[in-house]
Structure formats: C-alpha cells, structure tokens
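Here is the file final-v7.cif (mmCIF, C-alpha atoms and all ligand atoms).
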```cif
data_entry
#
loop_
_atom_site.label_atom_id
_atom_site.label_comp_id
_atom_site.auth_asym_id
_atom_site.auth_seq_id
_atom_site.Cartn_x
_atom_site.Cartn_y
_atom_site.Cartn_z
CA MET A 15 0.00 0.00 0.00
CA SER A 16 1.47 3.36 -0.95
CA SER A 17 1.80 5.97 1.74
CA SER A 18 -0.72 8.27 0.07
CA SER A 19 -3.39 5.60 0.07
CA THR A 20 -2.57 4.83 3.73
CA ILE A 21 -3.11 8.50 4.50
CA LEU A 22 -6.28 8.50 2.44
CA SER A 23 -7.71 5.48 4.22
CA SER A 24 -6.85 6.84 7.66
CA VAL A 25 -8.52 10.13 6.74
CA LEU A 26 -11.56 8.15 5.64
CA LEU A 27 -11.54 6.13 8.85
CA LEU A 28 -11.17 9.26 10.94
CA SER A 29 -13.98 11.08 9.16
CA LEU A 30 -16.19 8.03 9.55
CA PHE A 31 -15.43 8.07 13.27
CA VAL A 32 -16.15 11.81 13.57
CA PHE A 33 -19.30 11.39 11.53
CA THR A 34 -20.55 8.68 13.88
CA LEU A 35 -19.85 10.91 16.85
CA LEU A 36 -21.61 13.89 15.36
CA THR A 37 -24.72 12.20 14.11
CA PRO A 38 -26.23 10.39 17.03
CA SER A 39 -29.39 8.49 16.30
CA GLU A 40 -30.96 10.20 19.30
CA GLY A 41 -33.64 12.66 18.34
CA ASN A 42 -33.52 11.51 14.76
CA PHE A 43 -36.77 12.36 12.99
CA TYR A 44 -36.63 9.30 10.72
CA GLN A 45 -36.44 7.02 13.74
CA ASN A 46 -38.94 8.76 15.97
CA PHE A 47 -41.67 10.14 13.70
CA ASP A 48 -43.95 9.35 10.78
CA ILE A 49 -45.28 11.89 8.34
CA THR A 50 -49.04 11.47 8.63
CA TRP A 51 -50.50 14.31 6.59
CA GLY A 52 -49.65 16.44 3.58
CA GLY A 53 -47.32 14.04 1.80
CA ASP A 54 -43.60 14.18 1.11
CA GLN A 55 -43.96 17.44 -0.75
CA ARG A 56 -45.11 19.35 2.29
CA ALA A 57 -43.53 17.47 5.19
CA LYS A 58 -39.82 16.89 4.81
CA ILE A 59 -37.16 15.25 6.92
CA LEU A 60 -33.79 16.77 6.10
CA ASN A 61 -30.11 16.72 7.08
CA GLY A 62 -30.08 12.98 7.69
CA GLY A 63 -32.97 13.20 10.14
CA GLN A 64 -31.83 16.21 12.15
CA LEU A 65 -34.36 18.67 10.75
CA LEU A 66 -38.04 18.43 9.87
CA THR A 67 -40.11 21.02 8.05
CA LEU A 68 -43.86 21.27 7.66
CA SER A 69 -45.57 23.45 5.13
CA LEU A 70 -49.01 24.70 4.27
CA ASP A 71 -50.38 25.79 0.92
CA LYS A 72 -53.85 26.46 -0.42
CA ASP A 73 -54.52 22.76 -0.98
CA SER A 74 -53.31 21.25 2.27
CA GLY A 75 -51.37 21.54 5.47
CA SER A 76 -49.09 18.83 6.81
CA GLY A 77 -48.28 16.96 9.97
CA PHE A 78 -46.35 14.22 11.72
CA ARG A 79 -46.67 12.02 14.78
CA SER A 80 -44.35 9.97 16.94
CA LYS A 81 -43.90 6.27 16.38
CA ASN A 82 -43.83 5.70 20.12
CA GLU A 83 -46.51 6.24 22.70
CA TYR A 84 -45.40 7.68 26.02
CA LEU A 85 -46.80 7.48 29.51
CA PHE A 86 -45.19 10.29 31.50
CA GLY A 87 -41.93 11.98 30.70
CA ARG A 88 -40.31 15.11 29.54
CA ILE A 89 -40.57 15.97 25.85
CA ASP A 90 -38.55 18.80 24.32
CA MET A 91 -38.73 20.11 20.78
CA GLN A 92 -37.12 23.11 19.16
CA ILE A 93 -39.46 24.89 16.77
CA LYS A 94 -39.07 27.87 14.46
CA LEU A 95 -42.47 29.19 13.47
CA VAL A 96 -43.81 30.51 10.15
CA PRO A 97 -42.17 33.91 9.59
CA GLY A 98 -43.61 37.08 8.08
CA ASN A 99 -47.32 37.25 7.48
CA SER A 100 -48.50 34.06 9.19
CA ALA A 101 -52.02 35.31 9.96
CA GLY A 102 -54.60 32.52 9.76
CA THR A 103 -52.03 29.73 10.15
CA VAL A 104 -51.87 27.53 13.21
CA THR A 105 -48.93 25.35 14.20
CA THR A 106 -49.89 22.69 16.71
CA TYR A 107 -47.56 20.69 18.89
CA TYR A 108 -49.19 18.35 21.39
CA LEU A 109 -49.44 15.03 23.15
CA SER A 110 -52.62 13.05 22.70
CA SER A 111 -54.06 9.63 23.43
CA GLU A 112 -56.69 8.01 21.23
CA GLY A 113 -60.35 7.19 21.71
CA PRO A 114 -63.45 9.06 22.83
CA ASN A 115 -62.27 9.92 26.35
CA HIS A 116 -58.87 11.01 25.24
CA ASP A 117 -56.26 12.99 27.13
CA GLU A 118 -54.34 15.78 25.48
CA ILE A 119 -51.69 18.36 26.37
CA ASP A 120 -51.58 21.17 23.82
CA PHE A 121 -49.35 23.88 22.52
CA GLU A 122 -50.85 25.81 19.58
CA PHE A 123 -49.21 28.77 17.92
CA LEU A 124 -51.61 31.21 16.32
CA GLY A 125 -49.97 33.19 13.52
CA ASN A 126 -50.33 36.90 12.95
CA LEU A 127 -49.62 39.71 10.51
CA SER A 128 -45.96 40.67 10.11
CA GLY A 129 -44.81 42.47 13.23
CA ASP A 130 -47.82 41.48 15.31
CA PRO A 131 -47.34 38.89 18.04
CA TYR A 132 -48.14 35.22 17.82
CA ILE A 133 -50.39 33.84 20.53
CA LEU A 134 -49.29 30.67 22.28
CA HIS A 135 -52.47 28.79 23.15
CA THR A 136 -52.35 25.95 25.71
CA ASN A 137 -54.96 23.44 26.85
CA VAL A 138 -55.27 20.25 28.86
CA TYR A 139 -57.86 17.56 28.12
CA SER A 140 -58.53 14.79 30.56
CA GLN A 141 -61.06 12.03 29.94
CA GLY A 142 -62.21 13.84 26.78
CA LYS A 143 -62.87 17.15 28.49
CA GLY A 144 -60.84 20.26 27.70
CA ASN A 145 -62.00 23.86 28.14
CA ARG A 146 -58.90 24.73 30.09
CA GLU A 147 -57.32 27.31 27.83
CA GLN A 148 -54.53 29.63 28.80
CA GLN A 149 -52.97 31.91 26.20
CA PHE A 150 -49.74 33.85 26.19
CA TYR A 151 -47.69 36.25 24.15
CA LEU A 152 -44.04 35.27 23.90
CA TRP A 153 -41.18 37.48 25.09
CA PHE A 154 -39.30 36.95 21.81
CA ASP A 155 -40.07 36.66 18.12
CA PRO A 156 -40.58 32.89 17.65
CA THR A 157 -39.96 33.08 13.88
CA ILE A 158 -36.35 34.28 13.86
CA ALA A 159 -34.67 31.42 15.70
CA PHE A 160 -35.46 28.01 17.17
CA HIS A 161 -36.86 27.97 20.70
CA THR A 162 -37.46 25.00 22.95
CA TYR A 163 -41.01 24.03 23.87
CA SER A 164 -41.28 21.38 26.57
CA ILE A 165 -43.90 19.34 28.31
CA VAL A 166 -43.11 17.76 31.65
CA TRP A 167 -45.78 15.22 32.51
CA ASN A 168 -45.60 13.20 35.70
CA ARG A 169 -48.09 11.74 38.15
CA LEU A 170 -48.33 14.95 40.12
CA ARG A 171 -48.48 17.68 37.51
CA ILE A 172 -48.03 18.88 33.95
CA ILE A 173 -45.59 21.72 33.37
CA PHE A 174 -45.49 23.67 30.09
CA MET A 175 -42.13 25.32 29.46
CA VAL A 176 -40.70 27.69 26.90
CA ASP A 177 -36.91 27.84 26.78
CA LYS A 178 -36.97 26.05 30.16
CA ILE A 179 -39.11 28.79 31.69
CA PRO A 180 -42.32 27.35 33.14
CA ILE A 181 -45.36 29.15 31.78
CA ARG A 182 -48.17 26.93 33.04
CA VAL A 183 -48.73 24.19 35.58
CA PHE A 184 -51.69 21.83 35.70
CA ASN A 185 -51.73 19.97 38.98
CA ASN A 186 -53.11 16.50 39.56
CA MET A 187 -56.23 17.11 41.60
CA GLU A 188 -57.87 13.74 41.16
CA SER A 189 -58.48 13.79 44.90
CA MET A 190 -60.81 16.75 44.27
CA GLY A 191 -62.59 14.94 41.45
CA VAL A 192 -60.71 16.60 38.60
CA PRO A 193 -59.64 13.94 36.09
CA PHE A 194 -55.92 13.95 35.31
CA PRO A 195 -54.14 12.32 32.36
CA SER A 196 -52.62 9.41 34.21
CA ASN A 197 -53.32 6.14 32.44
CA GLN A 198 -53.64 6.68 28.69
CA PRO A 199 -50.37 6.61 26.73
CA MET A 200 -49.97 9.52 24.34
CA ARG A 201 -48.23 10.17 21.05
CA ILE A 202 -46.53 13.40 20.06
CA TYR A 203 -48.27 15.21 17.20
CA SER A 204 -47.59 18.33 15.22
CA SER A 205 -49.30 19.99 12.30
CA LEU A 206 -49.38 23.19 10.32
CA TRP A 207 -52.81 24.09 9.02
CA ASN A 208 -55.12 26.86 7.94
CA ALA A 209 -57.51 28.08 10.62
CA ASP A 210 -58.35 31.51 9.30
CA ASP A 211 -61.97 30.99 10.28
CA TRP A 212 -60.96 31.58 13.93
CA ALA A 213 -57.24 31.87 14.64
CA THR A 214 -56.18 35.46 14.12
CA ARG A 215 -58.29 38.03 15.95
CA GLY A 216 -61.18 35.61 16.04
CA GLY A 217 -61.13 34.96 12.27
CA LEU A 218 -61.10 38.61 11.18
CA VAL A 219 -57.71 38.33 9.47
CA LYS A 220 -57.59 35.82 6.61
CA THR A 221 -54.65 33.80 5.36
CA ASP A 222 -52.82 35.61 2.55
CA TRP A 223 -52.14 32.80 0.08
CA THR A 224 -49.83 34.96 -2.01
CA HIS A 225 -47.29 34.21 0.76
CA ALA A 226 -47.73 30.42 0.55
CA PRO A 227 -46.20 27.98 1.12
CA PHE A 228 -45.85 28.69 4.84
CA THR A 229 -43.16 26.72 6.60
CA ALA A 230 -42.33 25.78 10.20
CA SER A 231 -39.15 23.92 11.22
CA TYR A 232 -38.31 21.41 13.95
CA ARG A 233 -35.06 20.10 15.39
CA ASN A 234 -33.43 18.63 18.51
CA PHE A 235 -36.34 16.47 19.58
CA ASN A 236 -35.65 14.86 22.91
CA ALA A 237 -37.85 12.48 24.85
CA ASN A 238 -36.79 11.59 28.34
CA ALA A 239 -39.85 9.51 28.86
CA CYS A 240 -41.53 6.19 29.45
CA ILE A 241 -42.17 4.43 26.17
CA TRP A 242 -45.40 2.49 26.33
CA SER A 243 -45.41 -1.08 25.21
CA SER A 244 -48.85 -2.67 24.90
CA SER A 245 -47.39 -6.16 24.74
CA GLN A 246 -45.95 -5.72 28.21
CA SER A 247 -48.66 -3.36 29.41
CA SER A 248 -45.92 -1.28 30.81
CA CYS A 249 -43.49 1.38 30.01
CA ALA A 250 -39.74 1.49 30.08
CA SER A 251 -38.18 4.67 31.18
CA LYS A 252 -35.89 5.66 28.42
CA SER A 253 -34.00 8.73 27.52
CA THR A 254 -32.89 9.56 24.01
CA ASN A 255 -29.92 11.19 25.69
CA SER A 256 -28.00 8.97 28.06
CA LEU A 257 -26.57 11.92 29.99
CA GLN A 258 -29.98 12.91 31.29
CA THR A 259 -31.49 11.93 34.57
CA ASN A 260 -35.09 11.19 35.20
CA ALA A 261 -35.57 14.43 37.12
CA TRP A 262 -38.89 14.95 35.38
CA GLN A 263 -40.48 12.18 37.44
CA ASP A 264 -40.94 14.39 40.45
CA GLN A 265 -40.24 17.72 38.82
CA THR A 266 -41.87 20.60 40.59
CA LEU A 267 -41.34 24.35 40.60
CA GLU A 268 -38.66 25.49 42.96
CA ALA A 269 -38.50 29.11 44.09
CA ALA A 270 -36.82 30.22 40.87
CA GLY A 271 -39.44 28.47 38.77
CA ARG A 272 -42.23 30.06 40.76
CA ASN A 273 -40.74 33.51 40.23
CA ARG A 274 -40.45 32.94 36.52
CA ILE A 275 -43.94 31.58 36.05
CA ARG A 276 -45.26 34.56 37.99
CA TRP A 277 -43.31 36.85 35.66
CA VAL A 278 -44.73 35.14 32.56
CA GLN A 279 -48.27 35.02 33.90
CA ASN A 280 -48.23 38.67 35.00
CA LYS A 281 -46.65 40.09 31.88
CA TYR A 282 -47.52 37.80 29.00
CA MET A 283 -50.76 36.00 29.78
CA VAL A 284 -53.52 36.95 27.34
CA TYR A 285 -56.30 34.65 28.50
CA ASN A 286 -56.90 32.41 31.47
CA TYR A 287 -60.03 30.26 31.74
CA CYS A 288 -59.62 30.37 35.49
CA THR A 289 -60.46 34.08 35.55
CA ASP A 290 -63.25 33.94 32.97
CA PHE A 291 -66.22 34.35 35.30
CA LYS A 292 -68.59 35.09 32.41
CA ARG A 293 -67.88 31.74 30.89
CA PHE A 294 -68.49 29.85 34.11
CA PRO A 295 -71.46 31.64 35.71
CA GLN A 296 -72.09 28.60 37.94
CA GLY A 297 -68.60 28.91 39.36
CA LEU A 298 -65.07 28.33 38.16
CA PRO A 299 -63.86 24.76 37.59
CA PRO A 300 -62.58 23.19 40.82
CA GLU A 301 -58.94 23.12 39.70
CA CYS A 302 -59.02 26.92 39.48
CA LYS A 303 -59.64 27.34 43.17
CA ARG A 304 -56.22 26.19 44.16
CA SER A 305 -53.30 28.56 43.95
CA ARG A 306 -52.04 28.83 40.40
CA PHE A 307 -48.66 27.23 40.59
CA LEU A 308 -48.01 25.21 43.69
C1 LIG B 1 -52.25 39.66 16.56
O1 LIG B 1 -51.95 41.01 16.76
C2 LIG B 1 -52.99 41.76 17.38
C3 LIG B 1 -52.56 43.23 17.42
O2 LIG B 1 -51.34 43.37 18.12
C4 LIG B 1 -53.29 41.18 18.76
O3 LIG B 1 -54.39 41.86 19.31
C5 LIG B 1 -53.58 39.70 18.66
O4 LIG B 1 -53.73 39.15 19.95
C6 LIG B 1 -52.46 38.99 17.92
N1 LIG B 1 -52.59 37.55 17.84
C7 LIG B 1 -53.57 36.89 17.22
C8 LIG B 1 -53.42 35.42 17.14
O5 LIG B 1 -54.53 37.43 16.73
#
```
Written as structure tokens, how would this file's structure read?
Ligand SMILES: *[C@@H]1O[C@H](CO)[C@@H](O)[C@H](O)[C@H]1NC(C)=O
Amino acid sequence: MSSSSTILSSVLLLSLFVFTLLTPSEGNFYQNFDITWGGDQRAKILNGGQLLTLSLDKDSGSGFRSKNEYLFGRIDMQIKLVPGNSAGTVTTYYLSSEGPNHDEIDFEFLGNLSGDPYILHTNVYSQGKGNREQQFYLWFDPTIAFHTYSIVWNRLRIIFMVDKIPIRVFNNMESMGVPFPSNQPMRIYSSLWNADDWATRGGLVKTDWTHAPFTASYRNFNANACIWSSSQSSCASKSTNSLQTNAWQDQTLEAAGRNRIRWVQNKYMVYNYCTDFKRFPQGLPPECKRSRFL
C-alpha cells in the first residue's frame, strides 16, 4: 500500500469516526416520527434526520406524529415558526391519546400579521374534556430562531415550558374529582394548518395565500420519557440522551421556577379560563380554586 493511500484510508476512517460521533441516532426524525399528513412534498425530513419542516399551501397543510406512545416523561422540541405574514395559520404541537375519552396536552401557535405577536395557546384535556385554555404572548419573536417548547408530565403535575421557563402548571387534583391524564399513553403530534376561520383576531384576518407555502421547522427532539409497550402493558423509562437523569419524574417548581412563572403570567398572559367568570357563571372549575402554581 502506498503511503498516500494509507493517509487517504486513515482520513476516511477518521472522518467516519467523527461522523458517527456527530450524528447520534438520538432525536432523529426518521427514527422517531412518521409523516401522517400532507405528503412528502409538504412534510420533509432533512439533514439525515436532524431537521423536519412542515408546510401549508392552499390545498393542504401537513403533519407528523411519533412512532412511540409515552406514559409520563419530559418531551422537548425546538421549533421555528412561520415567519412574516402568518395570519390565519396555526402550528400545533401536542401530546394526545386516542379514543373518545382522550387525554391531550396542547401547545398551539396562532400566527399573525408581520410584526404582530403570535399567541401561544395551551390546553389540557382529561377524559375527553378540555375547556382549560390559557394563552400567552411570547417574550421573543418565535420566527427568527429556534426555541425550545417542553412538556413535563408526571403523576403529580403537567408543566409547560418555553426555553426552560415554566409558563403553566396543571396539577393533579384527582383527589378533588378533577380527572388527570394518568393512564392513557400519548403520542406526540404536530401539524401546520389553515384556521383563518378563527385563529387570528377571532377569524377577522384571513390567510394571505400569495405568501404560501408557509413553513415551520423542527429540530433537537428529545424524549426523556416512558415508552409504552402494549405487549408488556408497561413502560420502560428511556432517555434519548443517556446523559440525562429522570428528574422529570418528580419535577416541581422550585423558588426560581415560581418567580419565573409569575413573571410570565403577569406580563404575558392573554387569556386564562380560570379568571373567565362570564364563561363559568355557575362557578369556576374546581382546579381553578387552588393557587395557580403550587
Ligand atoms: C395579533 O396582533 C394583534 C394586534 O397586536 C393582537 O391583538 C392579537 O392578539 C395577535 N394575535 C392573534 C393570534 O390574533
């Protein structure tokens, strides 16, 4: 073997080694998700599985869902939302079980005209019943860069987080007769669709199709969660990142978290069902009576 080919093969070996190090299978979209709506034209997995994009045009939106079902865990996803004039578009990102009495934990991003703020809409369904909306403005423009949207779901509570800042907590109050998502495994779903009949200013602003296709991007998915296996009727706690602990299992809000959620709720909350007395003339739902974030 000549020395140049020895050098060449060691360079090849080295680059193969580096490549393996840099492209972990963890968080890979090919391995973790299926495109379920919109076809390959609109939903694309790129960069060897590291990036996923959804798009919406006049004919259809698009969407994906996780291959696995999870029962408790912490799920993180980085999302960059539709830029520019996104009025009328809605990007959903949520956990949901199946069947008539389903459970669901929702993030929905309601687009807006250029320069006007998105609304982050959240909801929790348990045993098929939702009506627990809280809405927020964000403290950054979610279309310029990727931001991390997380759901922590354990037996005691659900915590919604944006860039690790808790924005909402839904406590388990089964003892007070409030159903809590605690026994139906859920998949992760996301979609980009047209909702200009209601999304932006209650449907007043219509989608401007001259700007189509609209595109949202996803990366760095991480599930530190129990993967449900129906054959074993159980779930194995598994992290896609071996360096992580299972801190989510009893995650709560420490003092710092309570300060931050207070900051978000005071400054950025747009709507809270728990203060909508008109909507609940017979009295607020029981979970609203307890302090907001203990
Ligand atoms: C869009 O911008 C308007 C004006 O700033 C604001 O009132 C509204 O809440 C924003 N979001 C949506 C989804 O309409």
Problem set entry | Point-to-point distance from CA of Asn46 in chain A to CA of Gly87 in chain A, Å rounded to tenths |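 These two atoms are separated by 15.4 Å.
Of the residues under consideration (A:Ala230, A:Ala159, A:Ile93, A:Ile133), A:Ile133 shows the shortest atom-to-atom contact distance to ligand LIG 1 (chain B) when counting all atoms listed in the file.
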Problem set entry | Among listed residues A:Met187, A:Ile119, A:Ile172, A:Ile241, nearest Glu147 in chain A (using all atoms listed in the file) | A:Ile119
Compile a residue-level contact table for chain A against ligand LIG 1 (chain B) at a cut-off of 7 Å, reporting for every qualifying residue the shortest atom pair and its distance in Å to one decimal, with only C-alpha atoms and all ligand atoms counted, rows ordered by chain and ascending number, as a tab-separated table.
```
residue	atom	partner	partner_atom	distance
A:Leu124	CA	B:LIG1	C8	4.7
A:Gly125	CA	B:LIG1	C8	5.5
A:Asn126	CA	B:LIG1	C1	4.9
A:Leu127	CA	B:LIG1	C1	6.6
A:Asp130	CA	B:LIG1	O1	4.4
A:Pro131	CA	B:LIG1	C6	5.1
A:Tyr132	CA	B:LIG1	N1	5.0
A:Ile133	CA	B:LIG1	C8	4.8
A:Ala213	CA	B:LIG1	C8	5.8
A:Thr214	CA	B:LIG1	O5	3.7
A:Arg215	CA	B:LIG1	O5	3.9
A:Gly216	CA	B:LIG1	O5	6.9
```
Problem set entry | Top pick for closest residue to Lys303 in chain A, considering A:Arg171, A:Gln45, A:Tyr287, A:Leu66 and counting all atoms listed in the file | A:Tyr287
Against range 188-210 of chain A, which residues of range 143-175 of chain A fall within 9 Å? For each one I want the closest pair of atoms and the distance in Å (one decimal), counting only C-alpha atoms, rows by chain and increasing residue number, as CSV.
```
residue,atom,partner,partner_atom,distance
A:Lys143,CA,A:Pro193,CA,8.9
A:Trp167,CA,A:Pro195,CA,8.8
A:Asn168,CA,A:Ser196,CA,8.1
A:Arg169,CA,A:Ser196,CA,6.4
A:Arg171,CA,A:Phe194,CA,8.6
```
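Residue nearest Leu65 in chain A, chosen from A:Ser231, A:Gln246, A:Thr50, A:Ser164 and counting all atoms listed in the file: A:Ser231.
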Neighbour list for Cys288 in chain A as a PDB file with C-alpha atoms, in the coordinates of the input, cut-off 10 Å, all atoms listed in the file, skip fewer than 5 positions in-chain:
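That gives us result.pdb:
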```pdb
ATOM      1  CA  ARG A 146     -58.900  24.730  30.090  1.00  0.00           C
ATOM      2  CA  GLU A 147     -57.320  27.310  27.830  1.00  0.00           C
ATOM      3  CA  GLN A 148     -54.530  29.630  28.800  1.00  0.00           C
ATOM      4  CA  ARG A 293     -67.880  31.740  30.890  1.00  0.00           C
ATOM      5  CA  PHE A 294     -68.490  29.850  34.110  1.00  0.00           C
ATOM      6  CA  GLY A 297     -68.600  28.910  39.360  1.00  0.00           C
ATOM      7  CA  LEU A 298     -65.070  28.330  38.160  1.00  0.00           C
ATOM      8  CA  PRO A 299     -63.860  24.760  37.590  1.00  0.00           C
ATOM      9  CA  PRO A 300     -62.580  23.190  40.820  1.00  0.00           C
ATOM     10  CA  GLU A 301     -58.940  23.120  39.700  1.00  0.00           C
ATOM     11  CA  CYS A 302     -59.020  26.920  39.480  1.00  0.00           C
ATOM     12  CA  LYS A 303     -59.640  27.340  43.170  1.00  0.00           C
ATOM     13  CA  ARG A 306     -52.040  28.830  40.400  1.00  0.00           C
TER      14      ARG A 306
END
```
Exercise. Can you list, as a ChimeraX atom specification, every protein, DNA or RNA residue that comes within 6 Å of Phe235 in chain A when you count only C-alpha atoms, leaving out same-chain residues fewer than 5 positions away?
Worked result: /A:41,90-91
With C-alpha atoms retained, could you export that selection as an mmCIF file, in the frame of the given file?
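The new file result-v2.cif reads:
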```
data_model
loop_
_atom_site.group_PDB
_atom_site.id
_atom_site.type_symbol
_atom_site.label_atom_id
_atom_site.label_comp_id
_atom_site.auth_asym_id
_atom_site.auth_seq_id
_atom_site.Cartn_x
_atom_site.Cartn_y
_atom_site.Cartn_z
ATOM 1 C CA GLY A 41 -33.640 12.660 18.340
ATOM 2 C CA ASP A 90 -38.550 18.800 24.320
ATOM 3 C CA MET A 91 -38.730 20.110 20.780
#
```
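Remark: for Pro227 in chain A, the closest of the candidate residues A:Ser111, A:Ser128, A:Gln265, A:Ser74 is A:Ser74 (distances computed over only C-alpha atoms).
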For this session: Please write as a list in words the list of polymer residues whose atoms come within 10 Å of (-55.7, 9.5, 23.2), counting only C-alpha atoms and keeping to the coordinates of the file.
Result: Glu83, Leu109, Ser110, Ser111, Glu112, Gly113, Pro114, Asn115, His116, Asp117, Glu118, Tyr139, Ser140, Gln141, Gly142, Pro195, Gln198, Pro199, Met200 and Arg201 of chain A
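For the choices A:Tyr285, A:Trp262, A:Phe43, A:Tyr232, the atom-to-atom distance to Asn137 in chain A is smallest for A:Tyr285 when using all atoms listed in the file.
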Problem set entry | Interatomic distance (Å, one decimal) between CA of His225 in chain A and CA of Thr106 in chain A |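 One can read the CA of His225 in chain A to CA of Thr106 in chain A distance as 19.8 Å.
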For this session: May I ask for the distance between CA of Ile179 in chain A and CA of Val166 in chain A, given in Å to one decimal place?
Result: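 We find that CA of Ile179 in chain A and CA of Val166 in chain A lie 11.7 Å from each other.
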For this session: Find the residues around range 272-283 of chain A up to 12 Å (only C-alpha atoms counted), leave out those fewer than 6 positions away in its own chain, and share them as a ChimeraX atom specification.
Result: /A:131-136,147-154,173-183,266,289,305-308
Taking 2 positions as the minimum chain separation for residues in the same chain, which residues sit within 8 Å of Lys220 in chain A when counting all atoms listed in the file? Answer as an mmCIF file with C-alpha atoms, in the coordinates of the input.
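Here's the written file result-v1.cif:
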```cif
data_model
loop_
_atom_site.group_PDB
_atom_site.id
_atom_site.type_symbol
_atom_site.label_atom_id
_atom_site.label_comp_id
_atom_site.auth_asym_id
_atom_site.auth_seq_id
_atom_site.Cartn_x
_atom_site.Cartn_y
_atom_site.Cartn_z
ATOM 1 C CA ALA A 101 -52.020 35.310 9.960
ATOM 2 C CA GLY A 102 -54.600 32.520 9.760
ATOM 3 C CA ASP A 210 -58.350 31.510 9.300
ATOM 4 C CA ASP A 211 -61.970 30.990 10.280
ATOM 5 C CA THR A 214 -56.180 35.460 14.120
ATOM 6 C CA GLY A 217 -61.130 34.960 12.270
ATOM 7 C CA LEU A 218 -61.100 38.610 11.180
ATOM 8 C CA ASP A 222 -52.820 35.610 2.550
#
```
With 4 Å of padding per side, what axis-aligned box (centre and edge lengths, Å, one decimal) covers all the listed atoms of range 211-220 of chain A? Give it as JSON.
```
{"center_x": -59.1, "center_y": 34.8, "center_z": 11.3, "size_x": 13.8, "size_y": 15.6, "size_z": 17.4}
```
Would you mind completing range 207-214 of chain A so that it carries all heavy atoms, and writing it out as a CSV table (one decimal), keeping the file's coordinate frame?
```csv
chain,number,residue,atom,x,y,z
A,207,TRP,N,-51.6,24.1,9.8
A,207,TRP,CA,-52.8,24.1,9.0
A,207,TRP,C,-53.4,25.5,9.0
A,207,TRP,O,-53.0,26.4,9.7
A,207,TRP,CB,-53.8,23.1,9.5
A,207,TRP,CG,-54.1,23.1,11.0
A,207,TRP,CD1,-53.3,22.9,12.0
A,207,TRP,CD2,-55.4,23.5,11.6
A,207,TRP,NE1,-54.0,23.1,13.2
A,207,TRP,CE2,-55.2,23.4,13.0
A,207,TRP,CE3,-56.7,23.8,11.0
A,207,TRP,CZ2,-56.3,23.6,13.9
A,207,TRP,CZ3,-57.7,24.0,11.9
A,207,TRP,CH2,-57.5,23.9,13.3
A,208,ASN,N,-54.4,25.6,8.1
A,208,ASN,CA,-55.1,26.9,7.9
A,208,ASN,C,-56.3,26.9,8.9
A,208,ASN,O,-57.2,26.1,8.8
A,208,ASN,CB,-55.6,27.0,6.5
A,208,ASN,CG,-56.4,28.3,6.3
A,208,ASN,OD1,-56.1,29.3,6.8
A,208,ASN,ND2,-57.5,28.2,5.5
A,209,ALA,N,-56.4,27.9,9.7
A,209,ALA,CA,-57.5,28.1,10.6
A,209,ALA,C,-58.0,29.5,10.6
A,209,ALA,O,-58.3,30.1,11.6
A,209,ALA,CB,-57.1,27.7,12.0
A,210,ASP,N,-58.0,30.1,9.4
A,210,ASP,CA,-58.4,31.5,9.3
A,210,ASP,C,-59.8,31.8,9.6
A,210,ASP,O,-60.2,33.0,9.6
A,210,ASP,CB,-57.8,32.2,8.0
A,210,ASP,CG,-58.6,31.7,6.8
A,210,ASP,OD1,-59.5,30.8,6.9
A,210,ASP,OD2,-58.2,32.2,5.7
A,211,ASP,N,-60.6,30.7,9.8
A,211,ASP,CA,-62.0,31.0,10.3
A,211,ASP,C,-62.0,31.4,11.8
A,211,ASP,O,-63.0,31.9,12.2
A,211,ASP,CB,-62.9,29.8,10.0
A,211,ASP,CG,-62.3,28.5,10.5
A,211,ASP,OD1,-61.1,28.4,10.7
A,211,ASP,OD2,-63.1,27.5,10.7
A,212,TRP,N,-60.9,31.2,12.5
A,212,TRP,CA,-61.0,31.6,13.9
A,212,TRP,C,-59.6,32.1,14.5
A,212,TRP,O,-59.6,32.8,15.5
A,212,TRP,CB,-61.5,30.4,14.8
A,212,TRP,CG,-60.6,29.2,14.8
A,212,TRP,CD1,-60.7,28.1,14.0
A,212,TRP,CD2,-59.5,28.9,15.7
A,212,TRP,NE1,-59.7,27.2,14.3
A,212,TRP,CE2,-58.9,27.7,15.3
A,212,TRP,CE3,-58.8,29.6,16.7
A,212,TRP,CZ2,-57.8,27.1,15.9
A,212,TRP,CZ3,-57.7,29.1,17.3
A,212,TRP,CH2,-57.2,27.8,16.9
A,213,ALA,N,-58.5,31.7,13.9
A,213,ALA,CA,-57.2,31.9,14.6
A,213,ALA,C,-56.8,33.3,14.9
A,213,ALA,O,-56.5,33.7,16.1
A,213,ALA,CB,-56.1,31.2,13.9
A,214,THR,N,-56.8,34.1,13.9
A,214,THR,CA,-56.2,35.5,14.1
A,214,THR,C,-57.3,36.5,14.4
A,214,THR,O,-58.1,36.7,13.5
A,214,THR,CB,-55.3,35.8,12.9
A,214,THR,OG1,-54.3,34.8,12.7
A,214,THR,CG2,-54.5,37.1,13.2
```
